[in-house]
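Engineer: Structure incoming, see below.
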Amino acid sequence: MTALHDWTLSPNEAIALQKELAPRIETRDRLGEVKRIAGVDIGFEDEGETTRAAVVLLAWPGLETLEEIVHREPTRMPYIPGLLSFREIPAALNAFERLSQRPDLVMVDGQGIAHPRRLGVASHLGLWLELPTIGIAKSRLCGRHGDVPEKCGDWTPLTHRKEIIGAVLRSREKVKPVFVSPGHRISLDTSIDWVVKCLAGTKLPEPTRRADRLASRRGKAFAHEKRQGELGIGD
DNA sequence: GCGACAG
DNA sequence: ATCTTGTCGC
(Lines give C-alpha, C1' and ligand atoms only; values in the text may rest on other atoms or scores of the structure.)
Protein backbone atom coordinates (compact mmCIF):
# COMPACT_ATOMS: atom_id res chain seq x y z
CA MET A 1 0.00 0.00 0.00
CA THR A 2 1.24 3.45 -0.87
CA ALA A 3 2.85 5.23 2.04
CA LEU A 4 1.11 8.38 3.12
CA HIS A 5 4.08 10.63 2.58
CA ASP A 6 4.27 9.40 -0.98
CA TRP A 7 0.80 10.63 -1.85
CA THR A 8 2.13 12.95 -4.46
CA LEU A 9 0.38 11.04 -7.16
CA SER A 10 -0.46 12.17 -10.65
CA PRO A 11 -4.17 12.51 -11.37
CA ASN A 12 -4.18 9.26 -13.33
CA GLU A 13 -2.43 7.38 -10.56
CA ALA A 14 -4.86 8.79 -8.01
CA ILE A 15 -7.84 7.69 -10.08
CA ALA A 16 -6.37 4.22 -10.48
CA LEU A 17 -5.91 3.99 -6.73
CA GLN A 18 -9.50 5.06 -6.15
CA LYS A 19 -10.76 2.30 -8.41
CA GLU A 20 -8.66 -0.16 -6.46
CA LEU A 21 -9.85 1.05 -3.07
CA ALA A 22 -13.53 1.66 -3.75
CA PRO A 23 -14.51 -2.03 -3.66
CA ARG A 24 -13.29 -2.17 -0.06
CA ILE A 25 -15.82 0.37 1.11
CA GLU A 26 -18.64 -1.13 3.15
CA THR A 27 -22.11 0.36 3.32
CA ARG A 28 -23.25 -2.23 5.79
CA ASP A 29 -23.53 -1.03 9.37
CA ARG A 30 -20.53 -2.01 11.42
CA LEU A 31 -20.87 0.43 14.27
CA GLY A 32 -20.66 -0.72 17.83
CA GLU A 33 -22.03 1.32 20.68
CA VAL A 34 -21.42 4.98 19.90
CA LYS A 35 -19.92 6.93 22.78
CA ARG A 36 -17.62 9.30 20.97
CA ILE A 37 -18.16 11.11 17.67
CA ALA A 38 -15.48 13.04 15.82
CA GLY A 39 -15.98 15.92 13.42
CA VAL A 40 -13.34 16.75 10.80
CA ASP A 41 -12.76 19.81 8.70
CA ILE A 42 -9.85 20.83 6.50
CA GLY A 43 -9.00 24.38 5.60
CA PHE A 44 -6.16 26.24 3.91
CA GLU A 45 -3.94 29.17 4.77
CA ASP A 46 -1.20 31.17 3.07
CA GLU A 47 -2.96 31.10 -0.27
CA GLY A 48 -3.20 27.34 -0.09
CA GLU A 49 0.42 26.69 0.88
CA THR A 50 -0.59 25.37 4.29
CA THR A 51 -3.23 22.75 5.03
CA ARG A 52 -5.01 22.95 8.35
CA ALA A 53 -6.86 19.95 9.75
CA ALA A 54 -9.25 20.38 12.66
CA VAL A 55 -10.71 17.45 14.59
CA VAL A 56 -13.19 17.75 17.42
CA LEU A 57 -14.11 14.80 19.60
CA LEU A 58 -17.55 14.95 21.18
CA ALA A 59 -19.26 12.71 23.70
CA TRP A 60 -22.54 11.02 22.83
CA PRO A 61 -25.13 11.83 24.00
CA GLY A 62 -24.58 15.26 25.41
CA LEU A 63 -22.10 16.42 22.83
CA GLU A 64 -19.63 17.73 25.38
CA THR A 65 -16.19 18.49 24.00
CA LEU A 66 -13.64 15.81 24.84
CA GLU A 67 -10.74 16.95 22.67
CA GLU A 68 -9.88 19.55 20.05
CA ILE A 69 -6.94 19.19 17.67
CA VAL A 70 -5.63 21.61 15.05
CA HIS A 71 -2.79 20.35 12.89
CA ARG A 72 -0.94 22.24 10.16
CA GLU A 73 1.41 21.01 7.45
CA PRO A 74 2.52 21.96 3.93
CA THR A 75 -0.06 21.33 1.23
CA ARG A 76 1.02 18.58 -1.14
CA MET A 77 -1.62 18.45 -3.84
CA PRO A 78 -3.77 20.97 -5.73
CA TYR A 79 -7.54 20.82 -5.58
CA ILE A 80 -8.96 18.70 -8.36
CA PRO A 81 -12.66 17.81 -8.32
CA GLY A 82 -12.93 14.10 -7.62
CA LEU A 83 -9.47 13.91 -6.07
CA LEU A 84 -10.09 15.96 -2.95
CA SER A 85 -9.08 13.20 -0.57
CA PHE A 86 -5.50 13.18 -1.79
CA ARG A 87 -5.23 16.82 -0.86
CA GLU A 88 -6.93 16.63 2.53
CA ILE A 89 -6.39 13.20 4.05
CA PRO A 90 -2.69 13.37 4.95
CA ALA A 91 -3.29 16.31 7.28
CA ALA A 92 -6.47 14.75 8.64
CA LEU A 93 -4.65 11.55 9.54
CA ASN A 94 -1.91 13.44 11.35
CA ALA A 95 -4.55 15.29 13.34
CA PHE A 96 -6.22 12.00 14.26
CA GLU A 97 -2.94 10.60 15.50
CA ARG A 98 -2.90 13.28 18.13
CA LEU A 99 -6.21 12.20 19.63
CA SER A 100 -5.78 10.24 22.82
CA GLN A 101 -9.13 8.49 22.36
CA ARG A 102 -10.61 6.79 19.33
CA PRO A 103 -14.02 7.90 18.09
CA ASP A 104 -16.74 5.34 17.30
CA LEU A 105 -18.06 7.41 14.42
CA VAL A 106 -16.58 10.18 12.28
CA MET A 107 -18.38 12.95 10.40
CA VAL A 108 -16.46 14.48 7.52
CA ASP A 109 -16.94 17.68 5.57
CA GLY A 110 -17.33 16.35 2.02
CA GLN A 111 -18.78 13.38 0.14
CA GLY A 112 -18.74 9.72 1.13
CA ILE A 113 -19.68 7.34 -1.67
CA ALA A 114 -21.50 10.13 -3.51
CA HIS A 115 -18.49 10.30 -5.77
CA PRO A 116 -17.87 9.32 -9.43
CA ARG A 117 -15.86 6.28 -8.28
CA ARG A 118 -17.56 5.91 -4.88
CA LEU A 119 -14.54 7.13 -2.98
CA GLY A 120 -15.14 10.61 -1.67
CA VAL A 121 -13.00 12.02 1.12
CA ALA A 122 -15.21 10.56 3.87
CA SER A 123 -14.97 7.07 2.41
CA HIS A 124 -11.25 7.32 1.83
CA LEU A 125 -10.64 8.54 5.37
CA GLY A 126 -12.83 5.81 6.83
CA LEU A 127 -10.88 3.18 4.97
CA TRP A 128 -7.56 4.41 6.34
CA LEU A 129 -8.83 4.88 9.88
CA GLU A 130 -10.86 1.68 9.74
CA LEU A 131 -13.73 3.55 11.35
CA PRO A 132 -17.36 4.24 10.41
CA THR A 133 -17.54 7.59 8.60
CA ILE A 134 -20.28 9.78 7.16
CA GLY A 135 -19.84 12.44 4.50
CA ILE A 136 -21.74 15.69 4.92
CA ALA A 137 -21.20 18.06 1.98
CA LYS A 138 -22.56 21.52 1.45
CA SER A 139 -22.88 21.05 -2.30
CA ARG A 140 -23.15 18.34 -4.93
CA LEU A 141 -20.29 16.60 -6.68
CA CYS A 142 -22.22 14.16 -8.84
CA GLY A 143 -25.62 12.51 -9.08
CA ARG A 144 -29.10 13.89 -9.56
CA HIS A 145 -32.07 14.47 -7.30
CA GLY A 146 -35.60 15.78 -7.26
CA ASP A 147 -37.06 18.57 -5.20
CA VAL A 148 -36.01 18.58 -1.58
CA PRO A 149 -38.85 18.51 0.98
CA GLU A 150 -39.22 21.69 3.04
CA LYS A 151 -39.62 19.97 6.35
CA CYS A 152 -36.56 19.69 8.55
CA GLY A 153 -35.29 16.10 8.65
CA ASP A 154 -36.87 15.11 5.35
CA TRP A 155 -34.81 14.18 2.33
CA THR A 156 -34.78 12.98 -1.24
CA PRO A 157 -32.39 10.40 -2.70
CA LEU A 158 -29.29 11.32 -4.67
CA THR A 159 -28.86 8.98 -7.64
CA HIS A 160 -25.92 8.24 -9.92
CA ARG A 161 -25.85 5.53 -12.58
CA LYS A 162 -29.04 3.90 -11.28
CA GLU A 163 -27.60 3.73 -7.79
CA ILE A 164 -28.71 5.59 -4.68
CA ILE A 165 -25.50 7.11 -3.41
CA GLY A 166 -26.76 9.54 -0.81
CA ALA A 167 -29.50 11.83 0.44
CA VAL A 168 -30.18 15.51 -0.05
CA LEU A 169 -31.31 16.41 3.43
CA ARG A 170 -33.18 19.44 4.65
CA SER A 171 -31.26 19.86 7.87
CA ARG A 172 -32.83 23.22 8.57
CA GLU A 173 -35.88 24.94 7.13
CA LYS A 174 -35.40 27.64 4.55
CA VAL A 175 -31.72 26.84 4.23
CA LYS A 176 -29.91 25.05 1.41
CA PRO A 177 -29.94 21.29 2.01
CA VAL A 178 -26.85 19.21 2.81
CA PHE A 179 -25.65 16.13 0.91
CA VAL A 180 -25.31 13.13 3.18
CA SER A 181 -23.66 9.92 2.04
CA PRO A 182 -22.18 6.85 3.73
CA GLY A 183 -18.42 6.97 4.05
CA HIS A 184 -17.41 3.54 5.32
CA ARG A 185 -18.89 0.80 7.50
CA ILE A 186 -22.30 2.49 7.63
CA SER A 187 -25.52 2.45 5.61
CA LEU A 188 -27.32 5.44 4.15
CA ASP A 189 -30.26 5.15 6.53
CA THR A 190 -28.00 5.01 9.56
CA SER A 191 -25.96 7.91 8.21
CA ILE A 192 -29.04 10.08 7.87
CA ASP A 193 -30.18 9.00 11.31
CA TRP A 194 -26.95 10.11 12.97
CA VAL A 195 -26.77 13.38 11.09
CA VAL A 196 -30.31 14.25 12.14
CA LYS A 197 -29.64 13.22 15.71
CA CYS A 198 -26.66 15.57 15.83
CA LEU A 199 -28.50 18.61 14.48
CA ALA A 200 -28.94 21.45 16.94
CA GLY A 201 -31.21 23.78 15.03
CA THR A 202 -28.33 24.33 12.64
CA LYS A 203 -27.64 23.44 9.05
CA LEU A 204 -24.64 21.28 9.91
CA PRO A 205 -24.56 18.53 12.52
CA GLU A 206 -22.60 19.44 15.66
CA PRO A 207 -19.41 17.45 14.98
CA THR A 208 -18.84 19.04 11.58
CA ARG A 209 -20.06 22.44 12.69
CA ARG A 210 -17.73 22.49 15.66
CA ALA A 211 -14.76 21.40 13.59
CA ASP A 212 -15.55 24.21 11.15
CA ARG A 213 -15.70 26.74 13.93
CA LEU A 214 -12.48 25.54 15.49
CA ALA A 215 -10.70 25.60 12.13
CA SER A 216 -11.83 28.98 10.89
CA ARG A 217 -10.68 30.81 13.98
CA ARG A 218 -7.92 33.35 13.28
CA GLY A 219 -4.89 31.26 12.56
CA LYS A 220 -1.91 32.57 14.50
CA ALA A 221 -3.19 34.75 17.30
CA PHE A 222 -6.00 32.64 18.63
CA ALA A 223 -4.09 31.70 21.75
CA HIS A 224 -4.76 35.19 23.01
CA GLU A 225 -8.34 35.44 21.92
CA LYS A 226 -11.10 36.15 24.34
CA ARG A 227 -13.56 33.45 25.27
CA GLN A 228 -17.13 34.61 25.04
CA GLY A 229 -20.41 34.27 23.20
CA GLU A 230 -20.19 30.53 22.72
CA LEU A 231 -23.94 30.20 22.42
CA GLY A 232 -24.70 31.42 18.91
CA ILE A 233 -27.70 30.03 17.08
CA GLY A 234 -27.18 30.99 13.46
CA ASP A 235 -24.99 29.29 10.95
C1' DG B 1 -17.37 17.25 -28.28
C1' DC B 2 -19.55 20.18 -24.41
C1' DG B 3 -20.58 21.09 -19.60
C1' DA B 4 -20.01 19.91 -14.52
C1' DC B 5 -17.02 19.92 -10.94
C1' DA B 6 -16.88 18.18 -2.78
C1' DG B 7 -13.13 21.66 -0.47
C1' DA C 1 -11.25 26.55 0.32
C1' DT C 2 -10.28 31.89 0.79
C1' DC C 3 -10.66 37.28 0.45
C1' DT C 4 -14.58 40.16 3.86
C1' DT C 5 -19.08 44.27 7.00
C1' DG C 6 -22.97 45.10 7.40
C1' DT C 7 -27.48 43.86 6.70
C1' DC C 8 -32.08 41.79 5.51
C1' DG C 9 -35.36 38.39 7.20
C1' DC C 10 -37.45 34.81 10.15
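Ordered as shown in the C-alpha coordinates, chains take letters A, B, and onward, while each chain numbers its residues from 1 and ligands are numbered from 1 in the order shown.
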Could you give me, as CSV, a per-residue list for chain A showing, wherever an atom lies at most 10 Å from an atom of chain B, the closest pair of atoms and their distance in Å to one decimal, using only C-alpha atoms (C1' of nucleotides) and sorting by chain then residue number from low to high?
Structural biologist:
```
residue,atom,partner,partner_atom,distance
A:Asp41,CA,B:DG7,C1',9.4
A:Ile42,CA,B:DG7,C1',7.8
A:Gly43,CA,B:DG7,C1',7.8
A:Phe44,CA,B:DG7,C1',9.4
A:Tyr79,CA,B:DG7,C1',7.6
A:Ile80,CA,B:DC5,C1',8.6
A:Pro81,CA,B:DC5,C1',5.5
A:Gly82,CA,B:DA6,C1',7.5
A:Leu83,CA,B:DA6,C1',9.2
A:Leu84,CA,B:DG7,C1',6.9
A:Ser85,CA,B:DG7,C1',9.4
A:Arg87,CA,B:DG7,C1',9.3
A:Glu88,CA,B:DG7,C1',8.5
A:Asp109,CA,B:DG7,C1',8.2
A:Gly110,CA,B:DA6,C1',5.2
A:Gln111,CA,B:DA6,C1',5.9
A:Gly112,CA,B:DA6,C1',9.5
A:Ala114,CA,B:DA6,C1',9.3
A:His115,CA,B:DA6,C1',8.6
A:Gly120,CA,B:DA6,C1',7.8
A:Val121,CA,B:DA6,C1',8.3
A:Gly135,CA,B:DA6,C1',9.7
A:Ile136,CA,B:DA6,C1',9.4
A:Ala137,CA,B:DA6,C1',6.4
A:Lys138,CA,B:DA6,C1',7.8
A:Ser139,CA,B:DA6,C1',6.7
A:Arg140,CA,B:DA6,C1',6.6
A:Leu141,CA,B:DA6,C1',5.4
A:Cys142,CA,B:DC5,C1',8.0
A:Phe179,CA,B:DA6,C1',9.7
```
Engineer: Run DSSP on the backbone of this structure and report the residues of region 43-234 of chain A it assigns to alpha helix (DSSP H), as a PyMOL selection string.
Structural biologist: chain A and resi 84-97+121-129+188-197+206-215
Engineer: Quick one: distance from CA of Leu188 (chain A) to CA of Trp60 (chain A) in Å, one decimal?
Structural biologist: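 Atom-to-atom, CA of Leu188 (chain A) and CA of Trp60 (chain A) are spaced 20.1 Å apart.
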Engineer: Run DSSP on the backbone and grab whatever in region 48-216 of chain A lands in strand (DSSP E); send it over as a VMD selection string.
Structural biologist: chain A and resid 50 to 59 65 to 74 105 to 109 133 to 137 155 to 160 163 to 169 178 to 184
Engineer: Please identify every residue of chain C that has at least one atom no more than 10 Å from any atom of chain A, counting only C-alpha atoms (C1' of nucleotides), and report them as JSON, numbers by chain.
Structural biologist: {"C": [1, 2, 3, 10]}
Engineer: Using CA of Arg209 (chain A) and CA of Thr190 (chain A) as the two end points, give the distance in Å to one decimal.
Structural biologist: 19.4 Å
Engineer: At a cut-off of 6 Å, using only C-alpha atoms (C1' of nucleotides), what residues contact Cys152 (chain A)? Leave out same-chain residues fewer than 2 positions from it and give the result as an MDAnalysis selection string.
Structural biologist: chainID A and resid 154 170:173
Engineer: Keeping N, CA, C and O atoms for every residue in the selection just given, could you write it to a file as an mmCIF file, in the first residue's frame?
Structural biologist:
```cif
data_model
loop_
_atom_site.group_PDB
_atom_site.id
_atom_site.type_symbol
_atom_site.label_atom_id
_atom_site.label_comp_id
_atom_site.auth_asym_id
_atom_site.auth_seq_id
_atom_site.Cartn_x
_atom_site.Cartn_y
_atom_site.Cartn_z
ATOM 1 N N ASP A 154 -36.436 15.856 6.529
ATOM 2 C CA ASP A 154 -36.866 15.109 5.349
ATOM 3 C C ASP A 154 -35.782 15.179 4.275
ATOM 4 O O ASP A 154 -34.949 16.079 4.284
ATOM 5 N N ARG A 170 -32.841 18.103 4.169
ATOM 6 C CA ARG A 170 -33.184 19.440 4.652
ATOM 7 C C ARG A 170 -32.867 19.433 6.131
ATOM 8 O O ARG A 170 -33.677 18.994 6.953
ATOM 9 N N SER A 171 -31.687 19.871 6.473
ATOM 10 C CA SER A 171 -31.260 19.860 7.873
ATOM 11 C C SER A 171 -31.821 21.043 8.654
ATOM 12 O O SER A 171 -31.856 21.031 9.882
ATOM 13 N N ARG A 172 -32.257 22.047 7.910
ATOM 14 C CA ARG A 172 -32.830 23.223 8.568
ATOM 15 C C ARG A 172 -33.766 23.879 7.566
ATOM 16 O O ARG A 172 -33.439 23.970 6.371
ATOM 17 N N GLU A 173 -34.916 24.334 8.047
ATOM 18 C CA GLU A 173 -35.875 24.935 7.125
ATOM 19 C C GLU A 173 -35.386 26.243 6.518
ATOM 20 O O GLU A 173 -34.693 27.012 7.171
#
```
